[in-house]
file target_25.csv (CSV, C-alpha atoms)
chain,number,residue,atom,x,y,z
A,826,MET,CA,127.7,199.4,146.9
A,827,SER,CA,124.7,201.6,146.3
A,828,THR,CA,121.3,200.3,145.2
A,829,LYS,CA,121.6,202.0,141.8
A,830,ALA,CA,125.0,200.3,141.2
A,831,LEU,CA,123.5,196.9,142.2
A,832,ASP,CA,120.5,197.6,139.8
A,833,LEU,CA,123.0,198.3,137.0
A,834,GLU,CA,124.9,195.1,137.8
A,835,LEU,CA,121.7,193.1,137.7
A,836,PHE,CA,120.9,194.6,134.3
A,837,LEU,CA,124.3,194.2,132.8
A,838,ASN,CA,125.5,190.9,134.2
A,839,TYR,CA,122.2,189.0,134.3
A,840,PRO,CA,120.2,189.8,131.2
A,841,GLY,CA,118.2,186.6,131.5
A,842,ILE,CA,116.7,187.8,134.8
A,843,ILE,CA,113.7,190.2,134.5
A,844,PRO,CA,111.5,191.8,137.1
A,845,LEU,CA,108.0,190.3,137.3
A,846,SER,CA,106.5,193.1,139.4
A,847,LYS,CA,106.7,196.9,139.4
A,848,SER,CA,107.8,196.9,143.0
A,849,ASN,CA,110.8,194.6,142.2
A,850,ASP,CA,109.5,192.0,144.7
A,851,GLU,CA,109.7,189.2,142.2
A,852,PHE,CA,112.2,188.2,139.5
A,853,GLY,CA,112.4,185.3,137.1
A,854,GLY,CA,114.4,183.9,134.1
A,855,TYR,CA,117.6,182.1,133.6
A,856,LEU,CA,121.0,182.4,135.3
A,857,PHE,CA,123.2,182.4,132.2
A,858,ASP,CA,126.5,181.7,133.9
A,859,ALA,CA,125.2,178.6,135.5
A,860,GLY,CA,122.6,177.8,133.0
A,861,PHE,CA,119.7,177.4,135.5
A,862,PRO,CA,116.1,178.5,135.5
A,863,ILE,CA,115.6,180.7,138.5
A,864,SER,CA,112.9,182.6,140.3
A,865,LEU,CA,113.2,185.1,143.3
A,866,LYS,CA,110.2,186.2,145.2
A,867,LYS,CA,110.0,188.1,148.4
A,868,ASP,CA,108.3,186.4,151.3
A,869,LYS,CA,105.3,187.8,153.2
A,870,ASP,CA,107.5,190.0,155.4
A,871,ARG,CA,109.2,191.4,152.3
A,872,ARG,CA,112.6,191.0,154.0
A,873,ARG,CA,114.0,187.9,152.2
A,874,TYR,CA,113.7,186.3,148.8
A,875,ASP,CA,112.3,182.8,148.3
A,876,VAL,CA,114.6,181.3,145.7
A,877,GLN,CA,113.9,178.4,143.3
A,878,LEU,CA,116.9,177.4,141.3
A,879,GLY,CA,116.7,174.4,138.9
A,880,ARG,CA,117.9,171.2,140.6
A,881,VAL,CA,120.6,172.8,142.8
A,882,ARG,CA,121.3,170.9,146.1
A,883,SER,CA,120.3,172.5,149.3
A,884,GLU,CA,123.9,172.8,150.6
A,885,VAL,CA,124.7,174.9,147.6
A,886,LEU,CA,122.1,177.5,148.7
A,887,ALA,CA,123.1,177.3,152.3
A,888,GLY,CA,125.8,180.1,152.1
A,889,VAL,CA,123.6,182.7,150.4
A,890,ASP,CA,122.0,185.6,152.3
A,891,PHE,CA,118.5,185.9,150.7
A,892,GLY,CA,117.9,189.2,152.4
A,893,GLU,CA,120.4,190.9,150.1
A,894,HIS,CA,119.9,192.7,146.8
A,895,PRO,CA,119.0,190.3,143.9
A,896,ALA,CA,122.3,191.2,142.2
A,897,LEU,CA,124.3,190.0,145.2
A,898,ILE,CA,122.2,186.9,145.6
A,899,LEU,CA,122.8,186.0,141.9
A,900,ARG,CA,126.5,186.7,142.2
A,901,LYS,CA,126.9,184.4,145.1
A,902,LEU,CA,124.8,181.7,143.6
A,903,SER,CA,127.0,181.7,140.5
A,904,GLU,CA,130.1,181.4,142.6
A,905,PHE,CA,128.7,178.5,144.7
A,906,ILE,CA,127.4,176.6,141.6
A,907,GLY,CA,130.8,177.1,139.9
A,908,LYS,CA,132.6,175.7,142.9
A,909,SER,CA,130.2,172.8,143.1
A,910,ALA,CA,130.8,172.0,139.4
A,911,ASP,CA,134.6,172.1,139.8
A,912,GLY,CA,134.4,169.7,142.8
A,913,ASP,CA,132.2,167.0,141.2
A,914,ARG,CA,132.4,166.8,137.4
A,915,GLY,CA,130.9,163.4,137.3
A,916,SER,CA,127.6,164.1,139.1
A,917,GLN,CA,124.2,164.3,137.5
A,918,GLU,CA,123.8,167.9,138.7
A,919,ASN,CA,126.9,169.0,136.7
A,920,ASN,CA,125.6,167.2,133.7
A,921,ASP,CA,122.4,169.2,134.1
A,922,THR,CA,124.4,172.4,134.4
A,923,ASP,CA,126.2,171.7,131.1
A,924,PHE,CA,122.9,170.9,129.5
A,925,TYR,CA,121.3,174.1,130.7
A,926,ARG,CA,124.2,176.1,129.5
A,927,PHE,CA,124.0,174.5,126.0
A,928,VAL,CA,120.3,175.0,125.7
A,929,MET,CA,120.4,178.6,126.9
A,930,ARG,CA,123.3,179.4,124.5
A,931,GLU,CA,121.4,178.0,121.6
A,932,TYR,CA,118.1,179.7,122.6
A,933,VAL,CA,119.7,183.1,123.1
A,934,GLU,CA,121.5,182.8,119.7
A,935,PHE,CA,118.1,181.9,118.1
A,936,LYS,CA,116.4,185.0,119.7
A,937,LYS,CA,119.2,187.2,118.4
A,938,PHE,CA,118.6,186.1,114.8
A,939,TYR,CA,114.8,185.9,115.1
A,940,PHE,CA,113.9,188.4,117.7
A,941,ASN,CA,110.5,189.0,116.1
A,942,ILE,CA,109.5,185.3,116.1
A,943,GLY,CA,107.1,184.2,118.8
A,944,SER,CA,108.8,181.5,120.9
A,945,LYS,CA,108.7,180.0,124.3
A,946,LEU,CA,111.3,177.9,126.3
A,947,SER,CA,109.8,175.7,129.0
A,948,HIS,CA,110.9,176.1,132.6
A,949,ASP,CA,112.8,172.7,132.6
A,950,MET,CA,114.4,173.6,129.2
A,951,ARG,CA,113.1,170.4,127.7
A,952,CYS,CA,110.7,171.9,125.2
A,953,ILE,CA,110.8,174.9,122.8
A,954,GLU,CA,107.6,176.2,121.1
A,955,ILE,CA,107.9,178.4,118.0
A,956,LEU,CA,105.2,180.1,116.1
A,957,HIS,CA,106.2,180.7,112.5
A,958,VAL,CA,104.2,183.0,110.2
A,959,ASP,CA,104.7,182.4,106.4
A,960,GLU,CA,104.6,184.9,103.6
A,961,SER,CA,100.8,184.5,103.3
A,962,ARG,CA,100.3,185.2,107.1
A,963,ARG,CA,99.5,181.5,107.8
A,964,GLN,CA,100.7,180.3,111.2
A,965,HIS,CA,102.7,177.2,111.6
A,966,LYS,CA,103.5,175.8,115.1
A,967,LEU,CA,106.7,173.9,115.8
A,968,GLN,CA,107.3,172.1,119.0
A,969,ILE,CA,110.9,171.0,119.6
A,970,GLU,CA,112.0,168.4,122.2
A,971,VAL,CA,115.4,169.1,123.7
A,972,LYS,CA,117.3,165.9,124.5
A,973,SER,CA,120.3,165.7,126.9
A,974,ASP,CA,121.5,162.2,126.0
A,975,CYS,CA,122.6,162.6,122.4
A,976,LYS,CA,124.6,164.9,120.1
A,977,ALA,CA,121.6,165.8,118.0
A,978,ALA,CA,119.8,167.5,120.9
A,979,PHE,CA,117.0,169.2,119.1
A,980,ASN,CA,114.1,167.0,117.8
A,981,ALA,CA,111.2,168.5,115.9
A,982,LYS,CA,108.5,166.6,117.8
A,983,ILE,CA,105.2,168.3,116.6
A,984,TYR,CA,104.6,170.2,113.4
A,985,ASP,CA,101.8,170.3,110.8
A,986,LEU,CA,103.4,169.7,107.4
A,987,PRO,CA,102.6,167.1,104.7
A,988,GLU,CA,105.0,164.4,103.7
A,989,CYS,CA,107.9,165.8,105.8
A,990,GLU,CA,110.3,164.4,108.3
A,991,LEU,CA,112.7,166.9,109.9
A,992,GLN,CA,115.9,165.2,111.1
A,993,ASP,CA,117.3,165.9,114.6
A,994,ASP,CA,119.9,168.6,114.8
A,995,ASN,CA,122.5,169.8,117.3
A,996,SER,CA,121.8,173.4,116.4
A,997,LEU,CA,118.4,175.1,117.1
A,998,LEU,CA,119.1,177.7,114.4
A,999,SER,CA,119.8,175.0,111.8
A,1000,LEU,CA,116.7,173.0,112.7
A,1001,TYR,CA,114.4,176.1,112.5
A,1002,GLY,CA,116.1,177.0,109.2
A,1003,LYS,CA,115.2,173.6,107.7
A,1004,PHE,CA,111.6,174.0,109.0
A,1005,CYS,CA,111.4,177.4,107.2
A,1006,GLU,CA,112.7,175.9,104.0
A,1007,VAL,CA,110.0,173.2,104.0
A,1008,VAL,CA,107.2,175.8,104.8
A,1009,ALA,CA,108.4,178.0,101.9
A,1010,LEU,CA,108.5,174.9,99.5
A,1011,TYR,CA,104.9,174.2,100.3
A,1012,GLN,CA,103.5,177.7,99.8
A,1013,PRO,CA,101.9,177.1,96.4
A,1014,PHE,CA,100.3,173.9,97.7
A,1015,PHE,CA,98.9,175.7,100.7
A,1016,ASP,CA,97.5,178.4,98.4
A,1017,LEU,CA,95.7,175.7,96.4
A,1018,LEU,CA,94.2,174.0,99.5
A,1019,ASP,CA,93.1,177.4,100.9
A,1020,GLU,CA,91.3,178.1,97.6
A,1021,ILE,CA,89.5,174.7,97.7
A,1022,ASP,CA,88.5,175.2,101.4
A,1023,ASP,CA,87.2,178.7,100.7
A,1024,THR,CA,85.2,177.8,97.6
A,1025,CYS,CA,84.0,174.2,98.0
A,1026,TRP,CA,81.8,172.2,100.5
A,1027,ILE,CA,84.5,170.1,102.3
A,1028,LEU,CA,83.1,167.0,103.9
A,1029,ASP,CA,86.4,165.6,105.1
A,1030,PRO,CA,88.6,166.3,106.9
A,1031,GLU,CA,86.2,168.2,109.2
A,1032,THR,CA,88.8,170.6,110.3
A,1033,PRO,CA,91.6,170.5,107.7
A,1034,LYS,CA,95.2,170.7,108.8
A,1035,ARG,CA,98.2,171.6,106.8
A,1036,LYS,CA,99.4,168.0,106.7
A,1037,ASP,CA,96.2,166.8,105.1
A,1038,ALA,CA,96.9,166.5,101.4
A,1039,TYR,CA,93.4,165.3,100.5
A,1040,ARG,CA,89.9,166.8,100.4
A,1041,ARG,CA,86.5,165.1,100.2
A,1042,ILE,CA,84.2,167.5,98.3
A,1043,ALA,CA,80.5,167.4,97.9
A,1044,ILE,CA,79.3,167.2,94.3
A,1045,THR,CA,75.5,166.6,94.2
A,1046,GLY,CA,73.0,164.8,96.4
A,1047,ASN,CA,74.6,161.7,97.8
A,1048,LEU,CA,77.8,161.9,95.7
A,1049,SER,CA,81.2,163.2,96.7
A,1050,VAL,CA,84.8,163.0,95.4
A,1051,VAL,CA,88.0,162.4,97.4
A,1052,ILE,CA,90.9,164.2,95.8
A,1053,GLN,CA,94.3,163.0,97.0
A,1054,PHE,CA,97.2,165.3,96.0
A,1055,ASN,CA,100.9,164.7,95.8
A,1056,ALA,CA,102.0,167.5,98.1
A,1057,LYS,CA,105.5,167.6,96.7
A,1058,ASN,CA,104.3,167.8,93.1
A,1059,PHE,CA,100.7,169.0,93.4
A,1060,VAL,CA,100.5,170.0,89.7
A,1061,GLU,CA,100.5,166.3,88.6
A,1062,LEU,CA,97.1,164.7,88.1
A,1063,PRO,CA,95.6,163.9,91.6
A,1064,ILE,CA,93.9,160.7,92.5
A,1065,LEU,CA,90.1,161.0,92.4
A,1066,LYS,CA,87.8,158.6,94.0
A,1067,PHE,CA,84.0,158.9,93.9
A,1068,LEU,CA,81.8,158.0,96.8
A,1069,GLY,CA,78.1,157.5,96.4
A,1070,PRO,CA,75.5,155.5,94.5
A,1071,LYS,CA,77.1,153.2,91.9
A,1072,HIS,CA,75.3,154.7,88.9
A,1073,GLU,CA,76.4,158.2,89.8
A,1074,CYS,CA,80.0,157.1,90.5
A,1075,GLU,CA,80.2,155.3,87.1
A,1076,GLU,CA,78.8,158.4,85.3
A,1077,TYR,CA,81.6,160.6,86.7
A,1078,SER,CA,84.2,158.0,86.3
A,1079,LYS,CA,83.5,157.9,82.6
A,1080,LYS,CA,83.8,161.7,82.4
A,1081,LEU,CA,87.1,161.5,84.2
A,1082,THR,CA,88.5,158.8,81.9
A,1083,ALA,CA,87.3,160.8,78.8
A,1084,ASN,CA,89.0,164.0,79.9
A,1085,PHE,CA,92.4,162.7,81.2
A,1086,SER,CA,94.2,164.0,78.1
A,1087,LYS,CA,92.9,167.6,78.8
A,1088,TRP,CA,94.9,167.9,82.0
A,1089,GLU,CA,97.0,171.1,81.8
A,1090,PRO,CA,99.0,171.5,85.0
A,1091,GLU,CA,100.2,175.0,84.0
A,1092,ASP,CA,96.7,176.4,84.5
A,1093,GLN,CA,94.8,176.7,87.7
A,1094,ILE,CA,94.6,173.3,89.4
A,1095,LEU,CA,91.1,173.7,90.8
A,1096,GLN,CA,89.8,174.7,87.4
A,1097,GLU,CA,91.5,171.8,85.8
A,1098,ILE,CA,89.8,169.4,88.2
A,1099,LEU,CA,86.4,170.9,87.4
A,1100,LYS,CA,87.2,170.6,83.7
A,1101,LEU,CA,87.9,166.9,84.2
A,1102,LEU,CA,84.5,166.4,85.8
A,1103,GLU,CA,82.7,168.7,83.4
A,1104,LEU,CA,81.5,171.0,86.2
A,1105,GLU,CA,81.3,174.7,86.3
A,1106,ALA,CA,82.0,174.8,90.0
A,1107,PHE,CA,81.8,172.7,93.1
A,1108,PRO,CA,78.8,173.6,95.4
A,1109,LYS,CA,79.6,175.8,98.3
A,1110,LYS,CA,78.5,174.9,101.8
A,1111,PRO,CA,75.3,176.8,102.6
A,1112,VAL,CA,75.5,179.2,105.4
A,1113,LYS,CA,72.0,178.0,106.5
A,1114,ALA,CA,71.4,174.7,104.8
A,1115,SER,CA,68.0,173.2,104.0
A,1116,LEU,CA,67.1,169.6,104.6
A,1117,GLU,CA,67.7,168.8,100.9
A,1118,GLU,CA,71.0,170.5,100.9
A,1119,LEU,CA,72.1,168.5,103.9
A,1120,VAL,CA,71.0,165.2,102.6
A,1121,LEU,CA,74.6,164.1,102.0
A,1122,VAL,CA,75.5,164.8,105.6
A,1123,ASN,CA,72.3,163.8,107.2
A,1124,SER,CA,72.2,160.5,105.4
A,1125,GLY,CA,75.9,160.0,106.1
A,1126,GLU,CA,75.6,157.7,109.1
A,1127,CYS,CA,77.2,154.3,108.8
A,1128,CYS,CA,74.5,151.6,108.7
A,1129,ILE,CA,76.5,149.4,111.1
A,1130,CYS,CA,77.9,151.7,113.8
A,1131,PHE,CA,75.3,154.4,113.4
A,1132,THR,CA,77.8,157.2,113.6
A,1133,MET,CA,79.0,159.7,111.0
A,1134,ARG,CA,82.7,159.7,111.9
A,1135,LEU,CA,84.9,156.8,112.8
A,1136,ASP,CA,88.6,157.6,113.5
A,1137,ASP,CA,87.7,161.1,112.1
A,1138,LYS,CA,86.5,159.5,108.8
A,1139,LEU,CA,83.1,159.7,107.1
A,1140,PRO,CA,81.6,156.5,105.6
A,1141,GLU,CA,83.4,155.6,102.3
A,1142,ILE,CA,81.2,152.8,100.9
A,1143,VAL,CA,77.7,153.0,99.5
A,1144,CYS,CA,75.6,149.9,98.7
A,1145,PRO,CA,75.4,149.6,94.9
A,1146,ASN,CA,71.7,148.6,95.1
A,1147,PRO,CA,69.7,151.7,94.0
A,1148,CYS,CA,66.9,150.6,96.4
A,1149,CYS,CA,69.3,150.6,99.3
A,1150,SER,CA,72.2,153.0,98.9
A,1151,GLN,CA,73.1,152.7,102.6
A,1152,LEU,CA,76.5,154.0,103.7
A,1153,PHE,CA,79.3,152.2,105.6
A,1154,HIS,CA,82.7,152.8,107.0
A,1155,GLU,CA,85.2,150.6,105.3
A,1156,GLN,CA,86.4,149.3,108.7
A,1157,CYS,CA,82.8,148.5,109.9
A,1158,LEU,CA,81.8,146.7,106.7
A,1159,TYR,CA,85.0,144.7,106.5
A,1160,GLN,CA,84.6,143.4,110.1
A,1161,TRP,CA,80.9,142.6,109.3
A,1162,LEU,CA,81.7,140.6,106.2
A,1163,PHE,CA,84.8,139.0,107.8
A,1164,CYS,CA,82.6,137.6,110.7
A,1165,LEU,CA,80.2,136.1,108.1
A,1166,ASN,CA,83.0,134.3,106.3
A,1167,SER,CA,82.4,136.2,103.1
A,1168,ARG,CA,84.5,135.6,100.0
A,1169,LYS,CA,87.9,137.2,100.2
A,1170,PHE,CA,89.9,138.0,97.1
A,1171,TYR,CA,93.3,139.7,96.5
A,1172,PHE,CA,92.2,143.2,97.2
A,1173,GLU,CA,88.6,143.0,98.5
A,1174,ILE,CA,86.0,141.0,100.3
A,1175,ILE,CA,82.6,140.3,98.9
A,1176,GLY,CA,79.4,139.5,100.8
A,1177,ASP,CA,75.8,140.4,101.5
A,1178,CYS,CA,74.9,144.0,102.4
A,1179,PRO,CA,73.9,144.2,106.1
A,1180,ASN,CA,70.8,146.2,105.0
A,1181,CYS,CA,69.4,144.7,101.7
A,1182,GLU,CA,71.4,141.5,101.5
A,1183,LYS,CA,72.5,142.2,98.0
A,1184,LEU,CA,76.2,141.8,97.0
A,1185,ILE,CA,78.5,144.5,98.3
A,1186,ARG,CA,82.3,144.9,98.0
A,1187,CYS,CA,84.8,146.2,100.5
A,1188,PRO,CA,88.6,146.8,100.1
A,1189,LEU,CA,90.9,144.7,102.4
A,1190,PRO,CA,92.6,146.7,105.1
A,1191,LYS,CA,96.0,148.1,104.1
A,1192,ASN,CA,97.7,146.9,107.3

call {"tool": "encode", "arguments": {"input": "target_25.csv", "output": "structure tokens"}}
result
Amino acid sequence: MSTKALDLELFLNYPGIIPLSKSNDEFGGYLFDAGFPISLKKDKDRRRYDVQLGRVRSEVLAGVDFGEHPALILRKLSEFIGKSADGDRGSQENNDTDFYRFVMREYVEFKKFYFNIGSKLSHDMRCIEILHVDESRRQHKLQIEVKSDCKAAFNAKIYDLPECELQDDNSLLSLYGKFCEVVALYQPFFDLLDEIDDTCWILDPETPKRKDAYRRIAITGNLSVVIQFNAKNFVELPILKFLGPKHECEEYSKKLTANFSKWEPEDQILQEILKLLELEAFPKKPVKASLEELVLVNSGECCICFTMRLDDKLPEIVCPNPCCSQLFHEQCLYQWLFCLNSRKFYFEIIGDCPNCEKLIRCPLPKN
């Protein structure tokens, strides 16, 4: 058979095998018939191919002449693997073969439907990574674990979505379809969070992710507000918690209480929040902040652990004593007061401030 005919056979019969070099000295991909990842690379003398083929036993490869054209090598490998599978159906190797076939069939079907979607199948076929781009050009990464020991083989292992749990599925297309539906459902919510991130000074989270349904926003001086949204129904009134000196928190709490009835979720959500707090706008983060502008952040170290962030959280508690106003992480302050045998009530523990020794309150841990 001529070289051109063998090249044509390689192209038609083994679409999963692609040349990795212009000189055709190296090929890689998947042997569809057997369902194995495979690589062929010529040795230093350029006379024979070094072949790596999944977990195939050495005796399976013993009858193959690796000096032949890649099409002939692949043809013989397929024959030998087929015979091996027929002779020993109960072996682990044949279980792997069935697994590879199943994963490749699902992945090829996925690529047919979504040929323009960025995706990657790991060499051992245990992991699939997909990069989904939504209607607003936001990118969403989905990492799928492929299991071989259960019917629902595809497990959405890593994804960045709020309040969402994707169930395992035996179809890659079906699982990705569910993921797309959830992303589409959250589009208006993502638009809101993008607006807040672009127009406000976000203190926490430091690097917001799509799953983060809250924002801690600077207001003035040492005062900030934590806004917790219901991601599934973000038009309902969010939970607002003020962090800062007691007198400033009380002032804004009174405004919030007085304006509850003015909440109109049909309008712009960010504007509605500003209306509740009687603000024209939240301050933007300065491109080059002065010392006064950074007072909230610079004075934000916890008075106990002397760090700004603990488990990626800024200090949440401020001493109510106006002459103190030191900041504390809830976790640090709770441990401090607990060790001093402070008074514990249903929802909080009360004791002396570590700095000024005036009364300070701390919520009890949720767990």

call {"tool": "atom_distance", "arguments": {"input": "target_25.csv", "atom1": "atom CA of A:Glu1103", "atom2": "atom CA of A:Gly1046"}}
result
16.7 Å

call {"tool": "residues_around", "arguments": {"input": "target_25.csv", "residues": "A:Glu893", "least_positions_apart": "3", "cutoff": "12 Å", "atoms": "all atoms listed in the file", "output": "ChimeraX atom specification"}}
result
/A:826,828,831,865,867,871-875,889-890,896-901

call {"tool": "residues_around", "arguments": {"input": "target_25.csv", "residues": "A:Ala1038", "least_positions_apart": "5", "cutoff": "7 Å", "atoms": "only C-alpha atoms", "output": "VMD selection string"}}
result
chain A and resid 987 1053 to 1054 1056

call {"tool": "residues_around", "arguments": {"input": "target_25.csv", "residues": "A:Glu1091", "least_positions_apart": "4", "cutoff": "10 Å", "atoms": "only C-alpha atoms", "output": "number ranges by chain"}}
result
A: 1060-1061, 1097

call {"tool": "write_last_selection", "arguments": {"input": "target_25.csv", "atoms": "C-alpha atoms", "output": "PDB file, in the frame of the given file"}}
result
ATOM      1  CA  VAL A1060     100.500 170.000  89.700  1.00  0.00           C
ATOM      2  CA  GLU A1061     100.500 166.300  88.600  1.00  0.00           C
ATOM      3  CA  GLU A1097      91.500 171.800  85.800  1.00  0.00           C
TER       4      GLU A1097
END

call {"tool": "residues_around", "arguments": {"input": "target_25.csv", "residues": "stretch 840-843 of chain A", "least_positions_apart": "4", "cutoff": "12 Å", "atoms": "only C-alpha atoms", "output": "number ranges by chain"}}
result
A: 832-836, 847, 849-866, 895-896, 899, 929-930, 932-933

call {"tool": "closest_residue", "arguments": {"input": "target_25.csv", "among": "A:Leu1081, A:Ala1043, A:Leu991, A:Val1008", "to": "A:Phe1107", "atoms": "all atoms listed in the file"}}
result
A:Ala1043

call {"tool": "closest_residue", "arguments": {"input": "target_25.csv", "among": "A:Val1143, A:Leu967, A:Ala830, A:Ile983", "to": "A:His1072", "atoms": "only C-alpha atoms"}}
result
A:Val1143

call {"tool": "closest_atom_pairs", "arguments": {"input": "target_25.csv", "of": "stretch 893-997 of chain A", "to": "stretch 1014-1030 of chain A", "cutoff": "12 Å", "atoms": "only C-alpha atoms", "output": "JSON lines"}}
result
{"residue": "A:Asp959", "atom": "CA", "partner": "A:Phe1015", "partner_atom": "CA", "distance": 10.5}
{"residue": "A:Glu960", "atom": "CA", "partner": "A:Asp1016", "partner_atom": "CA", "distance": 10.9}
{"residue": "A:Ser961", "atom": "CA", "partner": "A:Asp1016", "partner_atom": "CA", "distance": 8.5}
{"residue": "A:Arg962", "atom": "CA", "partner": "A:Asp1016", "partner_atom": "CA", "distance": 11.4}
{"residue": "A:Arg963", "atom": "CA", "partner": "A:Phe1015", "partner_atom": "CA", "distance": 9.2}
{"residue": "A:Gln964", "atom": "CA", "partner": "A:Phe1015", "partner_atom": "CA", "distance": 11.6}
{"residue": "A:His965", "atom": "CA", "partner": "A:Phe1015", "partner_atom": "CA", "distance": 11.6}
{"residue": "A:Asp985", "atom": "CA", "partner": "A:Phe1015", "partner_atom": "CA", "distance": 11.8}
{"residue": "A:Leu986", "atom": "CA", "partner": "A:Phe1015", "partner_atom": "CA", "distance": 10.1}
{"residue": "A:Pro987", "atom": "CA", "partner": "A:Phe1014", "partner_atom": "CA", "distance": 10.0}

call {"tool": "write_last_selection", "arguments": {"input": "target_25.csv", "atoms": "C-alpha atoms", "output": "compact mmCIF listing (two decimals), keeping the file's coordinate frame"}}
result
# COMPACT_ATOMS: atom_id res chain seq x y z
CA ASP A 959 104.70 182.40 106.40
CA GLU A 960 104.60 184.90 103.60
CA SER A 961 100.80 184.50 103.30
CA ARG A 962 100.30 185.20 107.10
CA ARG A 963 99.50 181.50 107.80
CA GLN A 964 100.70 180.30 111.20
CA HIS A 965 102.70 177.20 111.60
CA ASP A 985 101.80 170.30 110.80
CA LEU A 986 103.40 169.70 107.40
CA PRO A 987 102.60 167.10 104.70

call {"tool": "residues_around", "arguments": {"input": "target_25.csv", "residues": "A:Gln1156", "least_positions_apart": "2", "cutoff": "12 Å", "atoms": "all atoms listed in the file", "output": "list in words"}}
result
Cys1127, Ile1129, Cys1130, Arg1134, Leu1135, Asp1136, Lys1138, Leu1139, Pro1140, Glu1141, Ile1142, Phe1153, His1154, Leu1158, Tyr1159, Gln1160, Trp1161, Leu1162, Phe1163, Ile1174, Cys1187, Pro1188, Leu1189, Pro1190, Lys1191 and Asn1192 of chain A
